[in-house]
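Okay, so here's the structure we're looking at.
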Amino acid sequence: MSSDGKQETTLEAIADHLEDDLDRLTELQLQELARFKSYSDVPVDDLVRSSERNVARVVATLRGQVRLPPEVVEDERSTGRLRGLQGIPVEDVVEAYRAVIGCLRDAFLEEATARGVGLDTALEGVRRLWQLADSYSSELVNARQQVLIELTRRRELDRFAFVQNLLTGTYRDEELTKVCAAQGLRLDQPHYVMACSSGRPPSDHQLLRTLGTAIPSDDDVMFGTVNGVIAGISSSPPARCPEGLTLLHLGPVPITDIPAAYAEARSLLDVALRLGRVGIVSWDEVALVSAVLNQPRLGEALVERYIAPVFANLPRGAELIDSVRTYIECDKNVAAAASRLSIHVNTLRYRLDRYEHTTGADLRDFTETLRIWWALMYAESSQID
């Protein structure tokens, strides 16, 4: 018999001995696994089955069986997935697997020494066993990582569903405490409500950008989609907004008031989009405009009173209206308004006088100035598609 043939015969004989010593080798592995605190909650029967499979793999490897039975390989993948579900850290999974294979390697060396096996044969057996450890450590880790990816995705979907239900008021009062606790939210902590859009349904890319850039990473933020709008809650107001999007925030409000706050934020987001606003917009910036748009009869009456006569009687009505608008926006400061319009202060005074003469309005009167502002805002907002 050749030296290689003799070596294989010797390794097979040791493999037969290890196979017959299954119970003792299983117990040795369980003692090794007991050193890992993360394995303390794993059912003993589960660990026993894994230990018995380890012995089967070692035996097959020493016998030179390169390809193990498919069911054994699949069991290894199942074990990796199971360890992921059991929440065992990946480093513990690898270290524990190497520890039990090391235990079986020691058992191999003990038997090889007892048989007076030559050094070359012993080294070949050890090489095969460490190759086994490397191969199946990767198998375990890959399977476990896949489970973590699946669990992360599932948690994301759960959070999205929670956000949708919370913002739309789906939860009953008795459910709210339980679901908020499950998501790590306290009922006594107020939150900001956000609605974000580009005017079109969000793509997955936009949603990911919003998740990644809208809120500082040290704040608790939850985002999802509600009827084509990216929506969310956070303990802090938004600090940034992805380019090209409009993000309206409102709050802080108690969690129980979030559905009503979101309905308002969603409505104000539409107004901000109509006005062409981009970036972060607070509710107070568009709330008055929303009030204007929600009173169309009043708006039309004020336009008829303070704007229509200008266009009906003056050839450069748009220029005059723009001057009045700028004057009001500059707190009725003639010098500031003239500077913004890039005209002389006397030119602005002349335009304001013509406006008052044409409409009969008094720009010095606070109440009338408010009516003029309302008319200007309604005329501008109602013409935006």
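Starting from 1 in every chain, residues are counted up; chains themselves are A, B, ... following the order of the structure tokens, and ligands are numbered from 1 as listed.
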Which polymer residues have any atom within 8 Å of an atom of range 30-41 of chain A, counting only C-alpha atoms, with same-chain residues fewer than 5 positions away left out, as a PyMOL selection string? chain A and resi 47-48+51+88-89+92+96+99-100+103
Per DSSP on the backbone, filter range 242-313 of chain A down to the residues in helix (DSSP H, G or I) and report them as number ranges by chain. A: 255-274, 283-293, 296-306, 308-313
So that I can see what lies close to Ile230 in chain A, please list as a short mmCIF file (atom, residue, chain, number, x, y, z; two decimals) with N, CA, C and O atoms, in the first residue's frame the residues with an atom at most 6 Å from it, counting only C-alpha atoms and leaving out residues fewer than 6 positions away in the same chain.
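Dumped everything to result-v2.cif:
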```
data_model
loop_
_atom_site.label_atom_id
_atom_site.label_comp_id
_atom_site.auth_asym_id
_atom_site.auth_seq_id
_atom_site.Cartn_x
_atom_site.Cartn_y
_atom_site.Cartn_z
N ALA A 195 -43.90 66.69 6.67
CA ALA A 195 -44.41 66.23 5.39
C ALA A 195 -43.46 66.76 4.32
O ALA A 195 -43.11 67.93 4.32
N CYS A 196 -43.03 65.88 3.42
CA CYS A 196 -41.96 66.23 2.48
C CYS A 196 -42.31 65.71 1.09
O CYS A 196 -42.77 64.58 0.94
N GLY A 224 -41.86 57.48 6.67
CA GLY A 224 -42.57 56.52 5.84
C GLY A 224 -43.21 57.28 4.69
O GLY A 224 -42.84 58.42 4.41
#
```
Quick one: residues within 9 Å of Pro259 in chain A, only C-alpha atoms, excluding same-chain residues fewer than 3 positions away - as a list in words? Asn165, Leu166, Leu167, Thr168, Gly169, Thr170, Ile255, Thr256, Tyr262, Ala263 and Glu264 of chain A
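Closest to Trp283 in chain A among A:Arg364, A:Arg53, A:Arg316, A:His249 is A:His249, based on only C-alpha atoms.
Among A:Ala13, A:Ala122, A:Leu348, A:Val292, the residue with the shortest atom-to-atom distance to Trp373 in chain A, counting only C-alpha atoms, is A:Val292.
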Who sits within 10 Å of Gly102 in chain A, only C-alpha atoms, same chain under 5 positions skipped, as a ChimeraX atom specification: /A:29,32,96-97,107-108,126,129-130,133
Residues of the last selection are to be written out with N, CA, C and O atoms, as a PDB file, in the first residue's frame.
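Result saved to again_6.pdb:
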```
ATOM      1  N   GLN A  29     -18.392  19.423  23.463  1.00  0.00           N
ATOM      2  CA  GLN A  29     -18.771  20.643  22.730  1.00  0.00           C
ATOM      3  C   GLN A  29     -19.733  21.500  23.555  1.00  0.00           C
ATOM      4  O   GLN A  29     -19.626  22.731  23.576  1.00  0.00           O
ATOM      5  N   GLU A  32     -17.846  23.521  25.937  1.00  0.00           N
ATOM      6  CA  GLU A  32     -17.201  24.670  25.287  1.00  0.00           C
ATOM      7  C   GLU A  32     -18.212  25.801  25.071  1.00  0.00           C
ATOM      8  O   GLU A  32     -17.915  26.974  25.326  1.00  0.00           O
ATOM      9  N   ALA A  96     -17.409  30.578  18.665  1.00  0.00           N
ATOM     10  CA  ALA A  96     -17.980  29.349  19.230  1.00  0.00           C
ATOM     11  C   ALA A  96     -17.786  28.173  18.272  1.00  0.00           C
ATOM     12  O   ALA A  96     -17.448  27.053  18.701  1.00  0.00           O
ATOM     13  N   TYR A  97     -17.972  28.433  16.985  1.00  0.00           N
ATOM     14  CA  TYR A  97     -17.806  27.347  16.014  1.00  0.00           C
ATOM     15  C   TYR A  97     -16.356  26.874  15.988  1.00  0.00           C
ATOM     16  O   TYR A  97     -16.072  25.673  15.968  1.00  0.00           O
ATOM     17  N   ALA A 107      -9.590  15.982  20.164  1.00  0.00           N
ATOM     18  CA  ALA A 107      -9.985  14.574  20.273  1.00  0.00           C
ATOM     19  C   ALA A 107      -9.304  13.755  19.172  1.00  0.00           C
ATOM     20  O   ALA A 107      -8.875  12.607  19.404  1.00  0.00           O
ATOM     21  N   PHE A 108      -9.185  14.337  17.983  1.00  0.00           N
ATOM     22  CA  PHE A 108      -8.488  13.656  16.884  1.00  0.00           C
ATOM     23  C   PHE A 108      -7.023  13.429  17.244  1.00  0.00           C
ATOM     24  O   PHE A 108      -6.476  12.317  17.053  1.00  0.00           O
ATOM     25  N   VAL A 126      -5.140  17.550  10.937  1.00  0.00           N
ATOM     26  CA  VAL A 126      -5.371  18.889  11.497  1.00  0.00           C
ATOM     27  C   VAL A 126      -5.663  19.897  10.381  1.00  0.00           C
ATOM     28  O   VAL A 126      -6.543  20.752  10.512  1.00  0.00           O
ATOM     29  N   LEU A 129      -9.181  19.610   9.272  1.00  0.00           N
ATOM     30  CA  LEU A 129     -10.151  20.104  10.247  1.00  0.00           C
ATOM     31  C   LEU A 129     -10.181  21.640  10.284  1.00  0.00           C
ATOM     32  O   LEU A 129     -11.259  22.242  10.415  1.00  0.00           O
ATOM     33  N   TRP A 130      -9.030  22.285  10.167  1.00  0.00           N
ATOM     34  CA  TRP A 130      -9.038  23.749  10.155  1.00  0.00           C
ATOM     35  C   TRP A 130      -9.642  24.289   8.863  1.00  0.00           C
ATOM     36  O   TRP A 130     -10.295  25.337   8.846  1.00  0.00           O
ATOM     37  N   ALA A 133     -13.203  24.250   9.487  1.00  0.00           N
ATOM     38  CA  ALA A 133     -13.625  25.369  10.332  1.00  0.00           C
ATOM     39  C   ALA A 133     -13.740  26.648   9.522  1.00  0.00           C
ATOM     40  O   ALA A 133     -14.707  27.401   9.661  1.00  0.00           O
TER      41      ALA A 133
END
```
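Counting from CA of Ala301 in chain A, the distance to CA of Leu370 in chain A is 13.9 Å.
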Taken to one decimal, the CA of His191 in chain A-CA of Ser235 in chain A distance is 4.7 Å
Here CA of Ala56 in chain A and CA of Gly118 in chain A stand apart by 24.1 Å
Would you pick out the contacts of Ala161 in chain A at 12 Å or less, using only C-alpha atoms, so that residues sharing its chain but fewer than 5 positions from it are not included, and give the list as an NGL selection string? :A and (154-156 or 166-168 or 170-171 or 179 or 183 or 222-226 or 231-232)
DSSP says strand (DSSP E) for which residues of range 279-336 of chain A? Put them as a PyMOL selection string? chain A and resi 279-282
Using only C-alpha atoms, which of the listed residues (A:Arg63, A:Leu176, A:Asp284, A:Arg349) sits closest to Ala335 in chain A? A:Arg349
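Shortest separation to Phe311 in chain A among A:Arg172, A:Arg57, A:Ala181, A:Thr358 occurs at residue A:Thr358, atoms counted being only C-alpha atoms.
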